[in-house]
$ cat start.pdb   # PDB, C-alpha atoms
ATOM      1  CA  MET A  20      40.631  42.179  49.816
ATOM      2  CA  PHE A  21      42.030  39.232  47.886
ATOM      3  CA  THR A  22      41.324  35.551  48.576
ATOM      4  CA  VAL A  23      43.784  32.796  49.486
ATOM      5  CA  ALA A  24      43.215  31.329  46.012
ATOM      6  CA  GLU A  25      44.236  34.656  44.422
ATOM      7  CA  LEU A  26      47.307  34.848  46.657
ATOM      8  CA  LYS A  27      48.249  31.269  45.759
ATOM      9  CA  SER A  28      47.923  32.098  42.054
ATOM     10  CA  ASN A  29      50.066  35.232  42.462
ATOM     11  CA  ILE A  30      52.853  33.343  44.223
ATOM     12  CA  ASN A  31      52.764  30.503  41.696
ATOM     13  CA  ALA A  32      53.084  32.975  38.813
ATOM     14  CA  ALA A  33      56.135  34.547  40.494
ATOM     15  CA  VAL A  34      57.878  31.388  41.727
ATOM     16  CA  PRO A  35      56.414  28.241  40.116
ATOM     17  CA  TYR A  36      55.908  25.303  42.491
ATOM     18  CA  THR A  37      52.960  23.230  43.699
ATOM     19  CA  TYR A  38      50.994  25.405  46.139
ATOM     20  CA  TYR A  39      48.029  24.528  48.342
ATOM     21  CA  ALA A  40      45.599  26.818  50.109
ATOM     22  CA  ASN A  41      45.907  26.997  53.926
ATOM     23  CA  GLU A  42      47.559  23.624  54.642
ATOM     24  CA  PHE A  43      49.010  20.462  53.190
ATOM     25  CA  THR A  44      46.448  17.763  52.446
ATOM     26  CA  SER A  45      46.918  14.017  52.916
ATOM     27  CA  THR A  46      47.529  13.742  49.151
ATOM     28  CA  SER A  47      49.947  16.709  48.843
ATOM     29  CA  VAL A  48      53.103  16.026  46.890
ATOM     30  CA  ALA A  49      56.418  16.229  48.765
ATOM     31  CA  ASP A  50      57.799  19.179  46.786
ATOM     32  CA  SER A  51      55.083  21.710  47.566
ATOM     33  CA  ALA A  52      54.092  24.652  49.718
ATOM     34  CA  TYR A  53      50.996  26.038  51.346
ATOM     35  CA  VAL A  54      49.880  29.643  51.459
ATOM     36  CA  ARG A  55      47.594  31.211  54.032
ATOM     37  CA  LEU A  56      46.533  34.561  55.348
ATOM     38  CA  SER A  57      47.988  34.839  58.826
ATOM     39  CA  GLY A  58      46.430  37.879  60.411
ATOM     40  CA  GLY A  59      48.404  41.070  60.324
ATOM     41  CA  MET A  60      48.050  44.326  62.166
ATOM     42  CA  LYS A  61      44.727  45.731  63.311
ATOM     43  CA  PRO A  62      43.054  48.116  60.857
ATOM     44  CA  SER A  63      43.895  51.779  61.263
ATOM     45  CA  GLU A  64      41.357  53.729  63.271
ATOM     46  CA  TRP A  65      42.064  56.901  61.284
ATOM     47  CA  THR A  66      42.793  55.853  57.693
ATOM     48  CA  ASN A  67      41.706  53.151  55.261
ATOM     49  CA  THR A  68      45.137  51.487  55.411
ATOM     50  CA  LEU A  69      45.218  47.722  55.998
ATOM     51  CA  ARG A  70      48.270  45.607  56.868
ATOM     52  CA  PRO A  71      47.353  41.957  56.371
ATOM     53  CA  SER A  72      50.013  39.281  56.519
ATOM     54  CA  PHE A  73      50.515  35.943  54.840
ATOM     55  CA  GLN A  74      52.624  32.859  55.395
ATOM     56  CA  VAL A  75      54.179  30.431  52.949
ATOM     57  CA  VAL A  76      55.468  27.088  54.234
ATOM     58  CA  VAL A  77      57.737  25.366  51.714
ATOM     59  CA  ARG A  78      58.406  21.641  51.880
ATOM     60  CA  GLY A  79      60.540  19.271  49.850
ATOM     61  CA  ALA A  80      61.451  15.646  49.483
ATOM     62  CA  GLU A  81      63.590  14.083  52.217
ATOM     63  CA  ASN A  82      66.939  14.523  50.430
ATOM     64  CA  ASN A  83      66.044  17.821  48.772
ATOM     65  CA  GLY A  84      67.049  20.311  51.501
ATOM     66  CA  PRO A  85      69.190  22.683  49.400
ATOM     67  CA  THR A  86      66.528  22.862  46.671
ATOM     68  CA  VAL A  87      63.805  23.625  49.218
ATOM     69  CA  GLU A  88      65.937  26.340  50.786
ATOM     70  CA  ALA A  89      66.587  27.834  47.331
ATOM     71  CA  LYS A  90      62.837  27.864  46.585
ATOM     72  CA  ALA A  91      62.143  29.599  49.912
ATOM     73  CA  ASN A  92      64.866  32.157  49.179
ATOM     74  CA  ALA A  93      63.383  32.812  45.724
ATOM     75  CA  ILE A  94      59.963  33.547  47.256
ATOM     76  CA  TRP A  95      61.575  35.805  49.876
ATOM     77  CA  ALA A  96      63.554  37.711  47.227
ATOM     78  CA  TYR A  97      60.487  38.190  45.026
ATOM     79  CA  TYR A  98      58.180  39.600  47.718
ATOM     80  CA  HIS A  99      60.444  41.472  50.143
ATOM     81  CA  GLN A 100      60.317  45.211  49.405
ATOM     82  CA  ARG A 101      58.023  44.651  46.415
ATOM     83  CA  LYS A 102      55.889  47.713  45.654
ATOM     84  CA  ASN A 103      52.848  48.608  43.555
ATOM     85  CA  PHE A 104      51.496  45.256  42.384
ATOM     86  CA  THR A 105      48.161  43.471  42.469
ATOM     87  CA  ILE A 106      46.887  40.273  44.017
ATOM     88  CA  GLY A 107      43.598  39.436  42.353
ATOM     89  CA  THR A 108      42.071  42.892  41.942
ATOM     90  CA  THR A 109      43.593  44.296  45.143
ATOM     91  CA  GLN A 110      46.272  46.936  44.687
ATOM     92  CA  ILE A 111      49.208  46.293  47.040
ATOM     93  CA  LEU A 112      51.237  49.370  47.955
ATOM     94  CA  ALA A 113      54.142  47.446  49.492
ATOM     95  CA  CYS A 114      55.174  44.050  50.835
ATOM     96  CA  PHE A 115      57.887  43.369  53.405
ATOM     97  CA  ALA A 116      59.269  40.147  54.851
ATOM     98  CA  ASP A 117      58.783  39.768  58.596
ATOM     99  CA  GLN A 118      62.150  37.997  58.991
ATOM    100  CA  PRO A 119      65.515  38.605  57.314
ATOM    101  CA  VAL A 120      65.632  35.061  55.867
ATOM    102  CA  PRO A 121      63.231  32.129  55.491
ATOM    103  CA  LEU A 122      62.937  30.290  58.800
ATOM    104  CA  TYR A 123      63.999  26.648  58.872
ATOM    105  CA  LEU A 124      61.302  24.770  60.798
ATOM    106  CA  GLY A 125      63.013  21.393  60.863
ATOM    107  CA  ARG A 126      61.515  18.263  59.340
ATOM    108  CA  ASP A 127      57.977  16.951  59.297
ATOM    109  CA  SER A 128      56.901  13.441  60.338
ATOM    110  CA  ALA A 129      58.034  12.083  56.941
ATOM    111  CA  ASN A 130      61.510  13.655  57.362
ATOM    112  CA  ARG A 131      60.864  16.383  54.750
ATOM    113  CA  PRO A 132      62.538  19.794  55.309
ATOM    114  CA  LEU A 133      60.249  22.779  55.987
ATOM    115  CA  TYR A 134      60.829  26.530  55.648
ATOM    116  CA  SER A 135      58.455  29.291  56.685
ATOM    117  CA  LEU A 136      58.197  32.764  55.168
ATOM    118  CA  ASN A 137      56.034  35.537  56.582
ATOM    119  CA  PHE A 138      55.169  38.804  54.864
ATOM    120  CA  THR A 139      53.188  41.920  55.752
ATOM    121  CA  LEU A 140      51.381  43.854  53.034
ATOM    122  CA  ILE A 141      50.309  47.482  53.011
ATOM    123  CA  LEU A 142      47.153  48.314  51.094
ATOM    124  CA  GLN A 143      44.267  50.765  51.017
ATOM    125  CA  ASN A 144      40.788  49.395  51.764
TER     126      ASN A 144
END

$ encode --input "start.pdb" --output "structure tokens"
Amino acid sequence: MFTVAELKSNINAAVPYTYYANEFTSTSVADSAYVRLSGGMKPSEWTNTLRPSFQVVVRGAENNGPTVEAKANAIWAYYHQRKNFTIGTTQILACFADQPVPLYLGRDSANRPLYSLNFTLILQN
């Protein structure tokens, strides 16, 4: 199974931006995102199939709403229905978005827009 650092690297290669692992830090830049593993479905009792999930939360500067939405849409378009790729050394059979569009979360305490994307992967252990 891949690490959060490997996932972050994979996303950054696909859609360049400033990404952090697991959460924003106190020194995170405004135009950035965090990536984290977010659970998924329980492992199959009968096969070696795993279905982990991950979340990307995209944030932008206060007056940068359309750009942040476009970045979230670019991530969604890249990963939804993507098949046969690797994250780190893990072969991913397929990836599907959990929602039909990135979810607008509102604004954080510094009035920066936030979007959330959630994906489920299918892989063999």

$ atom_distance --input "start.pdb" --atom1 "CA of Cys114 (chain A)" --atom2 "CA of Pro132 (chain A)"
25.7 Å

$ residues_near_point --input "start.pdb" --point "(63.1, 28.6, 54.7)" --cutoff "6 Å" --atoms "all atoms listed in the file" --output "list in words"
Glu88, Ala91, Pro121, Leu122, Tyr123, Tyr134 and Ser135 of chain A

$ residues_around --input "start.pdb" --residues "region 128-130 of chain A" --least-positions-apart "2" --cutoff "9 Å" --atoms "all atoms listed in the file" --output "VMD selection string"
chain A and resid 80 to 82 125 to 126 132

$ resolve_selection --input "start.pdb" --expression "the PyMOL selection byres ((chain A and resi 31-34) around 8)" --output "PyMOL selection string"
chain A and resi 27-30+35-38+90+93-94+97

$ resolve_selection --input "start.pdb" --expression "the PyMOL selection byres ((chain A and resi 100-111) around 8)" --output "VMD selection string"
chain A and resid 20 to 22 25 to 26 29 97 to 99 112 to 116 140 to 143

$ closest_residue --input "start.pdb" --among "A:Pro62, A:Ser47, A:Arg131, A:Trp95" --to "Arg78 (chain A)" --atoms "all atoms listed in the file"
A:Arg131

$ atom_distance --input "start.pdb" --atom1 "CA of Val54 (chain A)" --atom2 "CA of Val120 (chain A)"
17.2 Å
